[in-house]
Amino acid sequence: MVPFAGFEMPVQYAGVREEHLAVRKGAGMFDVSHMGEIETSGPGAEDLLQRLLTNDVAELPTGGAQYSCMCAPDGGVLDDVITYRLERDRFLTVTNAANAAADAKRFIDGADGHDLEVVDAGERYAMIAVQGPRAREVVAGLAEGELPARMRVAPLRVAGAEALVCGTGYTGEDGVELLIDPAAAPEVWDALIDAGVAPCGLAARDTLRLEACLPLYGNELTTERTPIAAGLGWCCHEETDFIGAEAVAAERDNGPAERLVAFALTDRGVPRAGNAVIVDADEVGTVTSGTHSPSLGDGIGMAYVRAALAEPGTELEIDVRGTRRAAIVERRPLYERDTQRSDA
C-alpha cells in the first residue's frame with residue numbers, strides 16, 4: 001500500500017506480472033475510487049462543459065461517454081477526463097484524483113451566474129474497473145439488465161447494488177467501470193472475487209495502460225504541452241471555443257516542436273520516466289513513462305522527442321541508468337487486444 005492523492009492505494013496483490021496477465025487473459029479489477037467525480041446539471045450544463053472541455057459536448061448523446069482534455073488559456077493540459085451524459089441536461093465527469101479538487105473548482109467557478117448546478121460528487125461514488133476479455137461476461141452474470149456498449153453508460157443493479165455501468169476503461173482491454181455507493185462497494189468487490197475476477201493494483205494498471213499507450217496525467221500530459229503534442233488532436237474541436245482553443249489551433253497549424261511517441265527497446269533494459277532520449281550523441285527528448293512489458297517481453301515506454309524523429313521506425317537510444325540502450329519508435333498502441341508481436 002502506498003499514499004496517492006490522499007488515499008492509501010494498493011500497488012499489488014499477488015504480483016504485478018500475475019495481475020497484468022489476469023487482465024490480458026481473463027478478468028481483473030481495480031479499486032479506482034480515488035478518481036474525482038463532478039455532477040453538472042441544468043439548462044446551462046452543456047454550455048459550461050463546452051467551454052471547459054476540448055471535445056464537442058453537443059455531439060455527446062444521452063447515455064454516451066466522451067473523452068476530453070481540459071486546457072489552460074495557453075493550451076497546456078490541465079487534466080484529461082471522461083464525461084457521461086446521464087440525461088439531456090445532466091452530466092457526470094470523472095477526473096484524475098490528483099486534479100479532482102482543482103477541476104471541481106474550475107467547474108464551480110465557471111457555473112457562477114449561470115443556470116446550472118455543479119456538485120463535487122467524489123464522496124458519493126466508489127469506482128471499480130473490471131477489465132479483460134472475460135470482464136463483461138462476468139459482470140453480466142451479476143447484473144440485472146444488459147450491459148452498455150463501449151463508450152456508453154447505463155444504470156443497472158450489479159451484485160444487488162445500484163450502479164452506473166460505464167463501457168470505459170484504462171487497460172486496452174474490453175470491460176466496464178462501476179460507479180456505486182461507497183457503502184455497497186465491499187459487497188460488489190467480494191461478489192466479483194467470488195466470480196473469479198482477480199484484484200489488481202496500481203503497478204499492473206500502469207503496465208497495462210502503457211502497453212496500450214494511454215497517457216497518464218503528470219507524465220505524458222502536463223501544463224507544459226498541448227493535446228496536439230500528445231497526439232490528442234482528435235479530441236480537440238477548436239470551433240467550440242473551449243478555453244485554450246486559440247493556442248491549440250495555432251499549434252495544430254504550425255506543428256509542435258516535440259511529439260509524443262511510443263518506443264520499444266531492441267536491447268536489454270527497462271526504461272524509466274526521466275531517461276534521456278539520444279540520437280547521434282545528441283539529447284533529443286525525454287522518456288515520460290517506461291516499464292518492462294509483461295505481454296511483449298521488452299522494455300517499452302513513451303517519450304517526447306523532436307517532431308522530426310516521431311516517425312515509426314526511427315532508431316533511438318535511451319539512457320538507462322547511464323547505459324545507452326537501442327530502441328525504435330513504434331506505432332501506437334504497442335499492444336492491441338487479441339494480438340501480440342511475433343517475438344513476444
# chains A, B, ... in the order shown; residues from 1 in each chain; ligands from 1
>>> residues_around(residues="stretch 116-131 of chain A", least_positions_apart="6", cutoff="8 Å", atoms="only C-alpha atoms", output="PyMOL selection string")
chain A and resi 23+27-45+104+107-108+139+169+171+173-182+185+189+197
>>> closest_atom_pairs(of="stretch 217-237 of chain A", to="stretch 94-98 of chain A", cutoff="12 Å", atoms="only C-alpha atoms", output="CSV")
residue,atom,partner,partner_atom,distance
A:Tyr217,CA,A:Asn96,CA,7.5
A:Gly218,CA,A:Ala98,CA,9.1
A:Leu221,CA,A:Asn96,CA,11.5
>>> atom_distance(atom1="atom CA of A:Pro215", atom2="atom CA of A:Glu87")
28.7 Å
>>> select_by_dssp(residues="stretch 157-328 of chain A", states="strand (DSSP E or B)", output="number ranges by chain")
A: 157-158, 161-166, 175-180, 198-199, 217, 221, 258-265, 276-279, 282-292, 299-306, 315-320, 323-328
>>> select_by_dssp(residues="stretch 18-105 of chain A", states="alpha helix (DSSP H)", output="PyMOL selection string")
chain A and resi 18-25+45-52+100-105
>>> residues_around(residues="A:Ser293", least_positions_apart="2", cutoff="12 Å", atoms="only C-alpha atoms", output="ChimeraX atom specification")
/A:16-17,20-21,24,203-213,263-265,269-271,289-291,295-301,334-335,340-341,344
>>> write_last_selection(atoms="N, CA and C atoms", output="mmCIF file, in the first residue's frame")
data_model
loop_
_atom_site.group_PDB
_atom_site.id
_atom_site.type_symbol
_atom_site.label_atom_id
_atom_site.label_comp_id
_atom_site.auth_asym_id
_atom_site.auth_seq_id
_atom_site.Cartn_x
_atom_site.Cartn_y
_atom_site.Cartn_z
ATOM 1 N N VAL A 16 2.769 -8.096 -9.825
ATOM 2 C CA VAL A 16 2.466 -7.256 -10.985
ATOM 3 C C VAL A 16 2.231 -8.099 -12.233
ATOM 4 N N ARG A 17 3.142 -9.013 -12.513
ATOM 5 C CA ARG A 17 3.013 -9.817 -13.740
ATOM 6 C C ARG A 17 1.747 -10.664 -13.703
ATOM 7 N N HIS A 20 -1.248 -8.366 -14.209
ATOM 8 C CA HIS A 20 -1.258 -7.867 -15.586
ATOM 9 C C HIS A 20 -1.809 -8.928 -16.539
ATOM 10 N N LEU A 21 -1.295 -10.153 -16.429
ATOM 11 C CA LEU A 21 -1.720 -11.211 -17.343
ATOM 12 C C LEU A 21 -3.142 -11.677 -17.052
ATOM 13 N N ARG A 24 -5.076 -9.374 -19.184
ATOM 14 C CA ARG A 24 -4.904 -9.669 -20.614
ATOM 15 C C ARG A 24 -5.583 -10.976 -21.028
ATOM 16 N N ALA A 203 0.374 -0.900 -9.896
ATOM 17 C CA ALA A 203 1.511 -1.238 -10.748
ATOM 18 C C ALA A 203 1.050 -1.930 -12.033
ATOM 19 N N ALA A 204 0.128 -2.884 -11.918
ATOM 20 C CA ALA A 204 -0.391 -3.558 -13.106
ATOM 21 C C ALA A 204 -1.213 -2.601 -13.958
ATOM 22 N N ARG A 205 -1.937 -1.705 -13.318
ATOM 23 C CA ARG A 205 -2.700 -0.701 -14.074
ATOM 24 C C ARG A 205 -1.757 0.132 -14.936
ATOM 25 N N ASP A 206 -0.577 0.438 -14.400
ATOM 26 C CA ASP A 206 0.376 1.246 -15.143
ATOM 27 C C ASP A 206 0.992 0.462 -16.297
ATOM 28 N N THR A 207 1.374 -0.793 -16.097
ATOM 29 C CA THR A 207 1.957 -1.568 -17.198
ATOM 30 C C THR A 207 0.930 -1.824 -18.291
ATOM 31 N N LEU A 208 -0.324 -2.035 -17.911
ATOM 32 C CA LEU A 208 -1.382 -2.263 -18.900
ATOM 33 C C LEU A 208 -1.629 -1.015 -19.737
ATOM 34 N N ARG A 209 -1.776 0.133 -19.081
ATOM 35 C CA ARG A 209 -2.080 1.364 -19.833
ATOM 36 C C ARG A 209 -0.902 1.754 -20.699
ATOM 37 N N LEU A 210 0.329 1.423 -20.267
ATOM 38 C CA LEU A 210 1.497 1.793 -21.053
ATOM 39 C C LEU A 210 1.616 0.920 -22.304
ATOM 40 N N GLU A 211 1.318 -0.370 -22.197
ATOM 41 C CA GLU A 211 1.271 -1.211 -23.394
ATOM 42 C C GLU A 211 0.239 -0.689 -24.388
ATOM 43 N N ALA A 212 -0.865 -0.165 -23.880
ATOM 44 C CA ALA A 212 -1.921 0.375 -24.740
ATOM 45 C C ALA A 212 -1.661 1.821 -25.151
ATOM 46 N N CYS A 213 -0.556 2.408 -24.635
ATOM 47 C CA CYS A 213 -0.157 3.788 -24.962
ATOM 48 C C CYS A 213 -1.231 4.802 -24.570
ATOM 49 N N PHE A 263 7.841 3.704 -27.900
ATOM 50 C CA PHE A 263 9.070 3.041 -28.344
ATOM 51 C C PHE A 263 9.211 1.700 -27.637
ATOM 52 N N ALA A 264 10.001 0.851 -28.238
ATOM 53 C CA ALA A 264 10.376 -0.417 -27.628
ATOM 54 C C ALA A 264 11.891 -0.550 -27.698
ATOM 55 N N LEU A 265 12.495 -1.045 -26.627
ATOM 56 C CA LEU A 265 13.919 -1.308 -26.663
ATOM 57 C C LEU A 265 14.195 -2.506 -27.552
ATOM 58 N N GLY A 269 17.125 -4.046 -21.013
ATOM 59 C CA GLY A 269 16.996 -2.903 -20.134
ATOM 60 C C GLY A 269 15.550 -2.518 -19.914
ATOM 61 N N VAL A 270 15.321 -1.705 -18.894
ATOM 62 C CA VAL A 270 13.991 -1.222 -18.560
ATOM 63 C C VAL A 270 14.039 0.303 -18.488
ATOM 64 N N PRO A 271 13.413 0.990 -19.438
ATOM 65 C CA PRO A 271 13.412 2.460 -19.413
ATOM 66 C C PRO A 271 12.518 2.978 -18.303
ATOM 67 N N SER A 289 7.244 7.775 -19.563
ATOM 68 C CA SER A 289 6.862 6.559 -18.848
ATOM 69 C C SER A 289 7.637 5.398 -19.441
ATOM 70 N N GLY A 290 8.042 4.446 -18.604
ATOM 71 C CA GLY A 290 8.745 3.280 -19.108
ATOM 72 C C GLY A 290 8.571 2.105 -18.168
ATOM 73 N N THR A 291 8.649 0.908 -18.728
ATOM 74 C CA THR A 291 8.478 -0.303 -17.929
ATOM 75 C C THR A 291 8.964 -1.504 -18.722
ATOM 76 N N SER A 295 3.438 -8.473 -21.470
ATOM 77 C CA SER A 295 2.817 -9.088 -22.648
ATOM 78 C C SER A 295 3.796 -9.253 -23.802
ATOM 79 N N LEU A 296 4.694 -8.292 -23.965
ATOM 80 C CA LEU A 296 5.573 -8.264 -25.137
ATOM 81 C C LEU A 296 6.986 -8.746 -24.840
ATOM 82 N N GLY A 297 7.367 -8.724 -23.569
ATOM 83 C CA GLY A 297 8.681 -9.218 -23.195
ATOM 84 C C GLY A 297 9.815 -8.240 -23.394
ATOM 85 N N ASP A 298 9.524 -6.992 -23.722
ATOM 86 C CA ASP A 298 10.540 -5.975 -23.973
ATOM 87 C C ASP A 298 10.403 -4.819 -22.992
ATOM 88 N N GLY A 299 11.462 -4.006 -22.933
ATOM 89 C CA GLY A 299 11.336 -2.709 -22.311
ATOM 90 C C GLY A 299 10.600 -1.781 -23.255
ATOM 91 N N ILE A 300 9.585 -1.092 -22.746
ATOM 92 C CA ILE A 300 8.776 -0.206 -23.589
ATOM 93 C C ILE A 300 8.587 1.134 -22.882
ATOM 94 N N GLY A 301 8.112 2.115 -23.631
ATOM 95 C CA GLY A 301 7.825 3.382 -23.000
ATOM 96 C C GLY A 301 7.218 4.380 -23.967
ATOM 97 N N LEU A 334 1.226 -0.157 -28.550
ATOM 98 C CA LEU A 334 2.237 -1.201 -28.610
ATOM 99 C C LEU A 334 1.603 -2.575 -28.527
ATOM 100 N N TYR A 335 0.520 -2.677 -27.781
ATOM 101 C CA TYR A 335 -0.207 -3.931 -27.630
ATOM 102 C C TYR A 335 -1.657 -3.691 -28.007
ATOM 103 N N GLN A 340 -0.443 -10.078 -30.459
ATOM 104 C CA GLN A 340 0.850 -9.883 -29.832
ATOM 105 C C GLN A 340 1.900 -9.859 -30.915
ATOM 106 N N ARG A 341 3.036 -9.213 -30.625
ATOM 107 C CA ARG A 341 4.117 -9.204 -31.599
ATOM 108 C C ARG A 341 4.669 -10.613 -31.746
ATOM 109 N N ALA A 344 7.051 -12.027 -29.110
ATOM 110 C CA ALA A 344 6.646 -11.963 -27.694
ATOM 111 C C ALA A 344 7.019 -13.257 -26.975
#
>>> residues_around(residues="A:Val329", least_positions_apart="5", cutoff="12 Å", atoms="only C-alpha atoms", output="list in words")
Arg259, Leu260, Val261, Ala262, Phe263, Ala264, Leu265, Thr266, Val277, Ile300, Gly301, Met302, Ala303, Tyr304, Val305, Ala308, Leu309, Ala310, Glu311, Pro312, Gly313, Thr314, Glu315, Leu316, Glu317, Ile318 and Leu334 of chain A
>>> residues_around(residues="stretch 230-235 of chain A", least_positions_apart="3", cutoff="9 Å", atoms="only C-alpha atoms", output="PDB file with N, CA and C atoms, in the first residue's frame")
ATOM      1  N   THR A  54     -12.337  20.099 -24.239  1.00  0.00           N
ATOM      2  CA  THR A  54     -11.870  20.269 -25.618  1.00  0.00           C
ATOM      3  C   THR A  54     -12.743  19.559 -26.643  1.00  0.00           C
ATOM      4  N   ASN A  55     -13.453  18.516 -26.245  1.00  0.00           N
ATOM      5  CA  ASN A  55     -14.268  17.777 -27.200  1.00  0.00           C
ATOM      6  C   ASN A  55     -15.600  18.510 -27.432  1.00  0.00           C
ATOM      7  N   ASP A  56     -16.351  18.055 -28.415  1.00  0.00           N
ATOM      8  CA  ASP A  56     -17.626  18.702 -28.748  1.00  0.00           C
ATOM      9  C   ASP A  56     -18.740  18.037 -27.949  1.00  0.00           C
ATOM     10  N   GLN A  66     -17.615  10.342 -23.329  1.00  0.00           N
ATOM     11  CA  GLN A  66     -16.741  11.118 -24.216  1.00  0.00           C
ATOM     12  C   GLN A  66     -15.447  11.494 -23.479  1.00  0.00           C
ATOM     13  N   TYR A  67     -14.333  11.268 -24.157  1.00  0.00           N
ATOM     14  CA  TYR A  67     -13.016  11.643 -23.618  1.00  0.00           C
ATOM     15  C   TYR A  67     -12.680  13.065 -24.037  1.00  0.00           C
ATOM     16  N   SER A  68     -12.097  13.836 -23.111  1.00  0.00           N
ATOM     17  CA  SER A  68     -11.718  15.217 -23.390  1.00  0.00           C
ATOM     18  C   SER A  68     -10.480  15.587 -22.588  1.00  0.00           C
ATOM     19  N   CYS A  69      -9.874  16.676 -22.974  1.00  0.00           N
ATOM     20  CA  CYS A  69      -8.881  17.351 -22.144  1.00  0.00           C
ATOM     21  C   CYS A  69      -9.491  18.632 -21.594  1.00  0.00           C
ATOM     22  N   PRO A 215      -2.244   7.831 -22.221  1.00  0.00           N
ATOM     23  CA  PRO A 215      -1.460   8.821 -21.488  1.00  0.00           C
ATOM     24  C   PRO A 215      -1.869   8.913 -20.030  1.00  0.00           C
ATOM     25  N   GLU A 220       2.657  11.924 -19.396  1.00  0.00           N
ATOM     26  CA  GLU A 220       2.505  12.330 -20.796  1.00  0.00           C
ATOM     27  C   GLU A 220       1.743  13.650 -20.936  1.00  0.00           C
ATOM     28  N   LEU A 221       0.880  13.936 -20.006  1.00  0.00           N
ATOM     29  CA  LEU A 221       0.036  15.136 -20.072  1.00  0.00           C
ATOM     30  C   LEU A 221       0.417  16.095 -18.950  1.00  0.00           C
ATOM     31  N   ARG A 225       2.661  21.154 -22.193  1.00  0.00           N
ATOM     32  CA  ARG A 225       2.443  20.727 -23.575  1.00  0.00           C
ATOM     33  C   ARG A 225       0.952  20.715 -23.892  1.00  0.00           C
ATOM     34  N   THR A 226       0.636  20.887 -25.161  1.00  0.00           N
ATOM     35  CA  THR A 226      -0.751  20.898 -25.611  1.00  0.00           C
ATOM     36  C   THR A 226      -1.224  19.488 -25.962  1.00  0.00           C
ATOM     37  N   PRO A 227      -2.532  19.296 -26.132  1.00  0.00           N
ATOM     38  CA  PRO A 227      -3.019  17.997 -26.601  1.00  0.00           C
ATOM     39  C   PRO A 227      -2.474  17.627 -27.984  1.00  0.00           C
ATOM     40  N   VAL A 248      -4.350  25.989 -29.029  1.00  0.00           N
ATOM     41  CA  VAL A 248      -4.352  24.637 -29.591  1.00  0.00           C
ATOM     42  C   VAL A 248      -4.420  24.699 -31.117  1.00  0.00           C
ATOM     43  N   ARG A 252      -1.735  23.273 -33.791  1.00  0.00           N
ATOM     44  CA  ARG A 252      -2.147  22.340 -34.849  1.00  0.00           C
ATOM     45  C   ARG A 252      -1.675  22.848 -36.213  1.00  0.00           C
ATOM     46  N   GLU A 258       7.838  19.196 -30.365  1.00  0.00           N
ATOM     47  CA  GLU A 258       8.038  17.813 -29.930  1.00  0.00           C
ATOM     48  C   GLU A 258       6.725  17.048 -30.059  1.00  0.00           C
ATOM     49  N   ARG A 259       6.856  15.753 -30.251  1.00  0.00           N
ATOM     50  CA  ARG A 259       5.679  14.889 -30.299  1.00  0.00           C
ATOM     51  C   ARG A 259       5.881  13.693 -29.380  1.00  0.00           C
ATOM     52  N   LEU A 260       4.758  13.195 -28.871  1.00  0.00           N
ATOM     53  CA  LEU A 260       4.789  12.010 -28.025  1.00  0.00           C
ATOM     54  C   LEU A 260       4.864  10.763 -28.901  1.00  0.00           C
ATOM     55  N   VAL A 261       5.822   9.880 -28.602  1.00  0.00           N
ATOM     56  CA  VAL A 261       5.971   8.646 -29.360  1.00  0.00           C
ATOM     57  C   VAL A 261       5.980   7.459 -28.403  1.00  0.00           C
ATOM     58  N   TYR A 304       8.634  12.160 -25.250  1.00  0.00           N
ATOM     59  CA  TYR A 304       8.560  13.309 -26.145  1.00  0.00           C
ATOM     60  C   TYR A 304       9.908  13.454 -26.841  1.00  0.00           C
TER      61      TYR A 304
END
>>> closest_atom_pairs(of="stretch 132-171 of chain A", to="stretch 88-92 of chain A", cutoff="12 Å", atoms="only C-alpha atoms", output="JSON lines")
{"residue": "A:Val153", "atom": "CA", "partner": "A:Leu92", "partner_atom": "CA", "distance": 10.6}
{"residue": "A:Leu164", "atom": "CA", "partner": "A:Leu92", "partner_atom": "CA", "distance": 10.4}
{"residue": "A:Cys166", "atom": "CA", "partner": "A:Leu92", "partner_atom": "CA", "distance": 11.3}
>>> write_last_selection(atoms="N, CA and C atoms", output="PDB file, in the first residue's frame")
ATOM      1  N   VAL A 153     -23.113   4.373 -21.183  1.00  0.00           N
ATOM      2  CA  VAL A 153     -23.345   4.244 -19.754  1.00  0.00           C
ATOM      3  C   VAL A 153     -24.814   3.909 -19.517  1.00  0.00           C
ATOM      4  N   LEU A 164     -23.913   2.822 -11.793  1.00  0.00           N
ATOM      5  CA  LEU A 164     -23.748   3.324 -13.154  1.00  0.00           C
ATOM      6  C   LEU A 164     -22.695   2.438 -13.802  1.00  0.00           C
ATOM      7  N   CYS A 166     -20.396   1.702 -16.856  1.00  0.00           N
ATOM      8  CA  CYS A 166     -19.804   2.501 -17.929  1.00  0.00           C
ATOM      9  C   CYS A 166     -18.917   1.618 -18.807  1.00  0.00           C
TER      10      CYS A 166
END
>>> residues_around(residues="A:Val158", least_positions_apart="4", cutoff="10 Å", atoms="only C-alpha atoms", output="PyMOL selection string")
chain A and resi 139-145+162-165+178+180+188+191-192
>>> write_last_selection(atoms="N, CA and C atoms", output="PDB file, in the first residue's frame")
ATOM      1  N   VAL A 139     -19.361  -9.581 -15.310  1.00  0.00           N
ATOM      2  CA  VAL A 139     -20.243  -8.551 -14.774  1.00  0.00           C
ATOM      3  C   VAL A 139     -21.677  -8.786 -15.235  1.00  0.00           C
ATOM      4  N   ALA A 140     -21.844  -9.226 -16.480  1.00  0.00           N
ATOM      5  CA  ALA A 140     -23.190  -9.512 -16.984  1.00  0.00           C
ATOM      6  C   ALA A 140     -23.880 -10.576 -16.141  1.00  0.00           C
ATOM      7  N   GLY A 141     -23.100 -11.527 -15.625  1.00  0.00           N
ATOM      8  CA  GLY A 141     -23.665 -12.573 -14.779  1.00  0.00           C
ATOM      9  C   GLY A 141     -24.127 -12.074 -13.428  1.00  0.00           C
ATOM     10  N   LEU A 142     -23.674 -10.889 -13.040  1.00  0.00           N
ATOM     11  CA  LEU A 142     -24.067 -10.296 -11.762  1.00  0.00           C
ATOM     12  C   LEU A 142     -25.067  -9.154 -11.929  1.00  0.00           C
ATOM     13  N   ALA A 143     -25.337  -8.772 -13.175  1.00  0.00           N
ATOM     14  CA  ALA A 143     -26.142  -7.575 -13.458  1.00  0.00           C
ATOM     15  C   ALA A 143     -27.588  -7.931 -13.790  1.00  0.00           C
ATOM     16  N   GLU A 144     -28.481  -7.015 -13.433  1.00  0.00           N
ATOM     17  CA  GLU A 144     -29.891  -7.134 -13.787  1.00  0.00           C
ATOM     18  C   GLU A 144     -30.145  -6.226 -14.981  1.00  0.00           C
ATOM     19  N   GLY A 145     -30.023  -6.769 -16.178  1.00  0.00           N
ATOM     20  CA  GLY A 145     -30.182  -5.988 -17.398  1.00  0.00           C
ATOM     21  C   GLY A 145     -28.955  -6.107 -18.276  1.00  0.00           C
ATOM     22  N   GLU A 162     -27.183  -0.665  -6.699  1.00  0.00           N
ATOM     23  CA  GLU A 162     -27.423   0.277  -7.786  1.00  0.00           C
ATOM     24  C   GLU A 162     -26.074   0.783  -8.302  1.00  0.00           C
ATOM     25  N   ALA A 163     -25.907   0.796  -9.619  1.00  0.00           N
ATOM     26  CA  ALA A 163     -24.623   1.179 -10.198  1.00  0.00           C
ATOM     27  C   ALA A 163     -24.827   1.924 -11.508  1.00  0.00           C
ATOM     28  N   LEU A 164     -23.913   2.822 -11.793  1.00  0.00           N
ATOM     29  CA  LEU A 164     -23.748   3.324 -13.154  1.00  0.00           C
ATOM     30  C   LEU A 164     -22.695   2.438 -13.802  1.00  0.00           C
ATOM     31  N   VAL A 165     -23.100   1.699 -14.817  1.00  0.00           N
ATOM     32  CA  VAL A 165     -22.186   0.797 -15.507  1.00  0.00           C
ATOM     33  C   VAL A 165     -21.702   1.503 -16.766  1.00  0.00           C
ATOM     34  N   LEU A 178     -17.601   0.504 -12.813  1.00  0.00           N
ATOM     35  CA  LEU A 178     -18.809   0.550 -11.998  1.00  0.00           C
ATOM     36  C   LEU A 178     -18.707   1.701 -11.013  1.00  0.00           C
ATOM     37  N   ILE A 180     -20.565   3.243  -7.898  1.00  0.00           N
ATOM     38  CA  ILE A 180     -21.523   2.727  -6.934  1.00  0.00           C
ATOM     39  C   ILE A 180     -21.423   3.498  -5.621  1.00  0.00           C
ATOM     40  N   VAL A 188     -19.915  -5.611  -3.575  1.00  0.00           N
ATOM     41  CA  VAL A 188     -19.726  -5.787  -5.013  1.00  0.00           C
ATOM     42  C   VAL A 188     -18.342  -6.350  -5.284  1.00  0.00           C
ATOM     43  N   ALA A 191     -18.289  -9.987  -4.445  1.00  0.00           N
ATOM     44  CA  ALA A 191     -19.033 -10.767  -5.442  1.00  0.00           C
ATOM     45  C   ALA A 191     -18.190 -10.980  -6.698  1.00  0.00           C
ATOM     46  N   LEU A 192     -17.437  -9.966  -7.087  1.00  0.00           N
ATOM     47  CA  LEU A 192     -16.563 -10.100  -8.255  1.00  0.00           C
ATOM     48  C   LEU A 192     -15.431 -11.087  -7.984  1.00  0.00           C
TER      49      LEU A 192
END
>>> closest_residue(among="A:Thr288, A:Asp190, A:Asn275, A:Gly15", to="A:Leu216", atoms="only C-alpha atoms")
A:Thr288
>>> closest_residue(among="A:Gly63, A:Val284, A:Glu224, A:Arg272", to="A:Leu147", atoms="only C-alpha atoms")
A:Gly63
>>> residues_around(residues="A:Pro256", least_positions_apart="3", cutoff="7 Å", atoms="only C-alpha atoms", output="list in words")
Ala229, Glu251, Arg259 and Ala307 of chain A
>>> decode(residues="stretch 85-108 of chain A", atoms="C-alpha atoms", output="JSON list (two decimals), in the first residue's frame")
[["chain", "number", "residue", "atom", "x", "y", "z"],
["A", 85, "ARG", "CA", -24.33, 12.38, -20.39],
["A", 86, "LEU", "CA", -26.76, 10.73, -17.96],
["A", 87, "GLU", "CA", -29.77, 12.80, -19.08],
["A", 88, "ARG", "CA", -30.29, 15.61, -21.59],
["A", 89, "ASP", "CA", -29.14, 18.27, -19.10],
["A", 90, "ARG", "CA", -27.28, 16.11, -16.57],
["A", 91, "PHE", "CA", -23.64, 15.08, -16.83],
["A", 92, "LEU", "CA", -21.06, 13.25, -14.75],
["A", 93, "THR", "CA", -17.37, 14.00, -15.36],
["A", 94, "VAL", "CA", -14.67, 11.69, -13.96],
["A", 95, "THR", "CA", -11.35, 13.40, -13.29],
["A", 96, "ASN", "CA", -7.89, 12.32, -12.24],
["A", 97, "ALA", "CA", -7.52, 12.04, -8.47],
["A", 98, "ALA", "CA", -4.64, 14.48, -8.16],
["A", 99, "ASN", "CA", -6.63, 17.14, -10.04],
["A", 100, "ALA", "CA", -10.05, 16.45, -8.52],
["A", 101, "ALA", "CA", -10.24, 19.50, -6.22],
["A", 102, "ALA", "CA", -8.82, 21.91, -8.81],
["A", 103, "ASP", "CA", -11.12, 20.57, -11.54],
["A", 104, "ALA", "CA", -14.19, 20.87, -9.30],
["A", 105, "LYS", "CA", -13.26, 24.47, -8.54],
["A", 106, "ARG", "CA", -12.98, 25.25, -12.27],
["A", 107, "PHE", "CA", -16.45, 23.81, -12.82],
["A", 108, "ILE", "CA", -17.95, 25.64, -9.85]]
